[in-house]
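Okay, structure first, notes after.
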Amino acid sequence: MKKERFSVTGMTCAACSARVERAVSSLAGVKKTEVNLLTGRMDVTFDDPATQETICLAVEKAGYGAVLQGKEKTGDSGKEERTDAAKAAKDAAAERLRRLILSLIFAVPLSYVAMGPMMNLPLPNILLGQENAMIFALVQIFLLLPVLFINRQTYESGIKSLFSGGPNMDTLIAIGSGAAVVYGVFVTFEMAFLLGRGETEAAYHLTHNLYFESAGMILTLIDLGKFFEARAKGKTTEAVTGLLKLTPKTARVIKEGKETVIPAEELAVGDRVLIRTGESIPADGVVIVGSGSVDESAITGESIPVDKMPGDRLTCATTLLSGAIEMEATDTGENTTFAKIVRLVEEATGSKAPIARLADRVSFWFVPAVMGIALITFVTWLLLGESLSFAWNTAISVLVISCPCALGLATPTAIMVGTGRGASMGILFKSAEAMEQTGRADTVVLDKTGTVTKGTPQVVAVVSETDERELLLAASSAEAPSEHPLARASLQFAAEKGIFPASVSEFVQIAGRGVKAKGDQGMIFAGNRKFAEEEGFLDHSIFEAGEKQAKMGRTPLYFFTEDRMLGLLALQDTSRAESAEAISRLKKMGLNVVLLTGDHKAAAEAIGRSVGVDRVISEVLPQEKEKVVASLQKQGAHVIMVGDGINDAPALVRADIGMAVGSGTDVAIDSADVVLMRSNLLGVPAAIKMSRATIKNIKQNLFWAFFYNCVGIPVAAGVLYPAFSLLLSPMLGALAMSMSSVFVVTNALRLRFYQPFGKEQKTAQPQKEEAITEIQKGEEKMKQTLKIDGMMCMHCVAHVKKALEACTGVEEVDVSLEEKSAFVTGDVSADLLKKAVEEAGYTVLEIL
């Protein structure tokens, strides 16, 4: 099975895109066809016997042109196609403006001349009076001819589409304006016939029925509407073009000790690249030498800079704000994270939402139906005794007021703008269907580890039977050779207290129990209660403290020697700072929030209570997660599954919408329908709100498109004339038609400024977590507030936070630019904190 993208030319309205879609879908071997009127693209999924050639031929037989994208020119086609798309949108608006100006130059004097006698406008004497009736008509013809020539493409497209069996909007305009021209020419010949027989007065009366100004103004007003529409369409693609502007142009490569500047697309995996302050990072890579602060907002939407050290990963198109870094490229060109994001956004904006299907079905039959209505209108008024001129006028009005464009633009414009807005917030919708389905969810299932929690255990309580430093020294020494996550957490906790492991020997890891090792003072043991009991500690009082910790969802880890219990460390995978707020927002939005985990019941419920979920499903094996999602769906739930690991992939696929956090594995991200680039749970409610806003916008557009046509066509046909003597002129009909498309596109553009949660900051500041770390006697850790002078931006915030976090004993730091303050939790002296801040280049005014 193949999937290819084609560029389709000649489409002007929804009827065109519907006809192309049907023509290609009817081919044997074609499984799926999606045509986007807005971008002029067609995505086709096909197999034998269908080929690229037969697909292009089918489009050509339908009256349009098609070419496989990437075949238009050689070279780096991916980048060139995107650049060409942006340029094409700009060129289309410029061409429409040129046609509009040229049309106005002739259409305005044409209308002035035609309506001058009726409105008593000053005109040259040569155009006034019965004796100058033919000159009056000829002047209008000569002013109309340039307008017809300028807009000849409308006639070419409309007539070609009509004879190919797929009439479109241009067909309606061509027939409507052409009918006015034909009728005017017929009247002109009739005038000449009467003047030749001396019937001057009769010829003069016919000057009121020429309709040349109607034809000219119809075409000019269509140009006006198309110009506004082209400008608006160009703005809908700003999400992609804005991303493309961030693409690095050059790279400074180090080869044989020399710096060489090369085009970024020539970078190869393994190249060593030097990045200086203010430069964009030209590829994905790893820091080899140096350090610096990187602005990653282009990828994650997060405005706070991230400090990078040797070993840290760098992402293409991010910017080095300070420092100098030498990196090794790991992914280049179209394989970088940035290129994948651009590709995802393009694919999503080019896809079709299920909600658009009704509009597609209507669009296919719309133009033939309107032509039929116009014919019926013409015949009906003649049968009712009205004049040929009256019947002709109403038929023309029906043709030119009808707007299939509004139907065709209603969905793709909103999808394109909504997807682009989501990307700017770090939310990537992989398809239009994902965009639509996300907003329909009523249940959110959250994987616990790495999604709701940090994914790494931390020491949250210490219970010591001896000096705490002795306990931590023994713990770090025994655990040092182990790679177990609990061991790593114990080592880190001891290191933060300034205690580092002593050398040990005879290290043994006992499955299901713990570890033991020989230190300077004898054997040291670390493990669970069963291990301690097996080593002779049967009824020790510390087990009561351990049970208390276990009931709180923590894992007690006991440390002892051959004859003495040293104490325990309680470890827990703590929740992310934003998890509780994100879940609170989901519940306020009316969603049922479920926590899904393989952890034991106590630990899972403790986390569930702390973040406020509606339901906790614990002790679920990795392969059973998909079954839990399926069970919820059987109960009627529309499920979003949020996860980050390989074991979440089946559940992500099973869910109505799979949502992966950006820090997750490639398998999880590939399996998901929506990717949250910030690795921040607040992105879940934001994605749902973005989806709901986009679908609401589509519904508004579709309502307007249907409402406009359902009301406008009968009014143009003259249904109000018998009761109210109200008749719509063709010129007003053309203006209304033009503005209807502009309204739809402009309404979609409102999504560019959408804020999911009002005017609040895009990313909530990390909440200060409650101090759950306990000391031997349950005493709370010290909290200190530093009033700091000199912080001017988020870059300063990052520097202050880094300086404070480096202080021994500091457990948590939260820095507020608005309050010019730093909030520090931990067992650390005020003098040490003040010194750290001042060494970073700032002034501490007060410590509370």
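Ordering of the structure tokens sets the chain letters (A, B, ...); residue numbers start at 1 within each chain; ligands are numbered from 1 in the order shown.
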Residues of range 545-663 of chain A classed as alpha helix (DSSP H) by DSSP on the backbone are to be reported as a PyMOL selection string.
chain A and resi 545-551+579-588+601-611+625-634+649-654
Expected file contents, prior selection, N, CA and C atoms, as a CSV table (one decimal), in the first residue's frame:
```csv
chain,number,residue,atom,x,y,z
A,545,ALA,N,6.8,1.7,61.9
A,545,ALA,CA,7.0,2.9,61.1
A,545,ALA,C,7.0,2.6,59.7
A,546,GLY,N,7.5,1.4,59.3
A,546,GLY,CA,7.5,1.0,57.9
A,546,GLY,C,6.1,0.7,57.4
A,547,GLU,N,5.3,0.0,58.2
A,547,GLU,CA,3.9,-0.2,57.8
A,547,GLU,C,3.2,1.1,57.6
A,548,LYS,N,3.4,2.0,58.5
A,548,LYS,CA,2.8,3.4,58.3
A,548,LYS,C,3.1,4.0,57.0
A,549,GLN,N,4.4,3.9,56.6
A,549,GLN,CA,4.9,4.4,55.3
A,549,GLN,C,4.2,3.7,54.2
A,550,ALA,N,4.1,2.4,54.3
A,550,ALA,CA,3.5,1.6,53.2
A,550,ALA,C,2.0,1.9,53.0
A,551,LYS,N,1.3,2.2,54.1
A,551,LYS,CA,-0.1,2.6,54.0
A,551,LYS,C,-0.3,3.9,53.3
A,579,SER,N,0.4,18.1,37.9
A,579,SER,CA,-0.6,17.1,37.7
A,579,SER,C,-1.9,17.4,38.4
A,580,ALA,N,-1.9,17.8,39.6
A,580,ALA,CA,-3.1,18.1,40.3
A,580,ALA,C,-3.9,19.2,39.6
A,581,GLU,N,-3.2,20.3,39.2
A,581,GLU,CA,-3.9,21.3,38.5
A,581,GLU,C,-4.5,20.9,37.2
A,582,ALA,N,-3.8,20.1,36.4
A,582,ALA,CA,-4.3,19.5,35.1
A,582,ALA,C,-5.5,18.7,35.3
A,583,ILE,N,-5.5,17.8,36.3
A,583,ILE,CA,-6.6,16.9,36.6
A,583,ILE,C,-7.8,17.8,37.1
A,584,SER,N,-7.6,18.8,37.9
A,584,SER,CA,-8.7,19.7,38.3
A,584,SER,C,-9.3,20.3,37.1
A,585,ARG,N,-8.5,20.8,36.2
A,585,ARG,CA,-9.1,21.4,35.0
A,585,ARG,C,-9.9,20.4,34.1
A,586,LEU,N,-9.4,19.2,34.0
A,586,LEU,CA,-10.2,18.1,33.3
A,586,LEU,C,-11.5,17.9,33.9
A,587,LYS,N,-11.5,17.8,35.3
A,587,LYS,CA,-12.8,17.6,36.0
A,587,LYS,C,-13.8,18.7,35.8
A,588,LYS,N,-13.2,20.0,35.8
A,588,LYS,CA,-14.1,21.1,35.6
A,588,LYS,C,-14.7,21.2,34.2
A,601,LYS,N,-1.9,-1.4,45.3
A,601,LYS,CA,-3.1,-0.5,45.5
A,601,LYS,C,-2.8,0.7,46.4
A,602,ALA,N,-2.1,0.5,47.5
A,602,ALA,CA,-1.8,1.6,48.4
A,602,ALA,C,-1.1,2.7,47.8
A,603,ALA,N,0.0,2.4,47.0
A,603,ALA,CA,0.8,3.4,46.4
A,603,ALA,C,-0.1,4.2,45.3
A,604,ALA,N,-0.8,3.4,44.6
A,604,ALA,CA,-1.7,4.0,43.5
A,604,ALA,C,-2.7,4.9,44.1
A,605,GLU,N,-3.4,4.5,45.1
A,605,GLU,CA,-4.4,5.3,45.7
A,605,GLU,C,-3.9,6.5,46.4
A,606,ALA,N,-2.7,6.4,47.0
A,606,ALA,CA,-2.0,7.6,47.6
A,606,ALA,C,-1.8,8.7,46.5
A,607,ILE,N,-1.3,8.3,45.4
A,607,ILE,CA,-1.0,9.2,44.3
A,607,ILE,C,-2.4,9.7,43.8
A,608,GLY,N,-3.3,8.8,43.6
A,608,GLY,CA,-4.7,9.2,43.2
A,608,GLY,C,-5.3,10.3,44.0
A,609,ARG,N,-5.2,10.1,45.4
A,609,ARG,CA,-5.7,11.1,46.3
A,609,ARG,C,-5.0,12.4,46.2
A,610,SER,N,-3.7,12.4,46.0
A,610,SER,CA,-2.9,13.6,46.0
A,610,SER,C,-3.2,14.5,44.8
A,611,VAL,N,-3.6,13.8,43.7
A,611,VAL,CA,-3.8,14.6,42.4
A,611,VAL,C,-5.3,14.8,42.1
A,625,LYS,N,-3.3,-3.2,30.1
A,625,LYS,CA,-3.8,-1.8,30.0
A,625,LYS,C,-4.8,-1.6,28.8
A,626,GLU,N,-4.4,-2.3,27.7
A,626,GLU,CA,-5.3,-2.2,26.5
A,626,GLU,C,-6.7,-2.7,26.8
A,627,LYS,N,-6.8,-3.8,27.6
A,627,LYS,CA,-8.0,-4.4,28.0
A,627,LYS,C,-8.9,-3.5,28.8
A,628,VAL,N,-8.2,-2.7,29.7
A,628,VAL,CA,-8.9,-1.8,30.6
A,628,VAL,C,-9.6,-0.7,29.7
A,629,VAL,N,-8.8,-0.2,28.7
A,629,VAL,CA,-9.3,0.9,27.8
A,629,VAL,C,-10.5,0.3,27.0
A,630,ALA,N,-10.4,-0.9,26.5
A,630,ALA,CA,-11.5,-1.5,25.8
A,630,ALA,C,-12.7,-1.7,26.7
A,631,SER,N,-12.5,-2.1,27.9
A,631,SER,CA,-13.6,-2.2,28.8
A,631,SER,C,-14.4,-0.9,29.1
A,632,LEU,N,-13.6,0.1,29.2
A,632,LEU,CA,-14.3,1.5,29.4
A,632,LEU,C,-15.1,1.8,28.1
A,633,GLN,N,-14.5,1.5,27.0
A,633,GLN,CA,-15.2,1.8,25.7
A,633,GLN,C,-16.5,1.0,25.6
A,634,LYS,N,-16.5,-0.2,26.1
A,634,LYS,CA,-17.7,-1.0,26.0
A,634,LYS,C,-18.8,-0.5,26.9
A,649,ALA,N,1.8,1.6,24.4
A,649,ALA,CA,1.5,1.7,23.0
A,649,ALA,C,0.2,1.0,22.6
A,650,PRO,N,0.0,-0.3,23.1
A,650,PRO,CA,-1.3,-0.9,22.7
A,650,PRO,C,-2.5,-0.2,23.2
A,651,ALA,N,-2.4,0.4,24.4
A,651,ALA,CA,-3.6,1.1,25.0
A,651,ALA,C,-3.8,2.4,24.2
A,652,LEU,N,-2.7,3.1,23.8
A,652,LEU,CA,-2.8,4.3,23.0
A,652,LEU,C,-3.5,4.0,21.7
A,653,VAL,N,-3.2,2.9,21.1
A,653,VAL,CA,-3.8,2.5,19.8
A,653,VAL,C,-5.3,2.2,20.0
A,654,ARG,N,-5.6,1.4,21.1
A,654,ARG,CA,-7.0,1.0,21.4
A,654,ARG,C,-7.9,2.2,21.7
```
* **Neighbour list for Lys516 in chain A as a ChimeraX atom specification, cut-off 8 Å, only C-alpha atoms, skip fewer than 2 positions in-chain** => /A:478,506-509,514,518,523-526
Which range 32-148 of chain A residues have any atom within 12 Å of an atom of range 174-180 of chain A, and for each, what is the nearest pair of atoms with distance in Å to one decimal, counting only C-alpha atoms, rows sorted by chain and number, as CSV?
```
residue,atom,partner,partner_atom,distance
A:Ile141,CA,A:Ala180,CA,11.8
A:Leu144,CA,A:Ser177,CA,11.1
A:Leu145,CA,A:Gly178,CA,11.9
A:Val147,CA,A:Ser177,CA,11.2
A:Leu148,CA,A:Gly178,CA,9.3
```
Which residues are close to Lys160 in chain A, i.e. within 7 Å by only C-alpha atoms, leaving aside same-chain residues fewer than 4 positions away? Reply as a short mmCIF file (atom, residue, chain, number, x, y, z; two decimals) with C-alpha atoms, in the first residue's frame.
```
data_model
loop_
_atom_site.label_atom_id
_atom_site.label_comp_id
_atom_site.auth_asym_id
_atom_site.auth_seq_id
_atom_site.Cartn_x
_atom_site.Cartn_y
_atom_site.Cartn_z
CA GLY A 63 -10.92 18.84 -15.95
CA GLU A 156 -12.08 29.41 -19.29
CA SER A 164 -16.29 18.10 -18.60
#
```
Q. For Thr51 in chain A, which residue among A:Val462, A:Leu27, A:Val342, A:Val181 is the nearest when counting only C-alpha atoms?
A.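 Closest to Thr51 in chain A of all the choices is A:Leu27.
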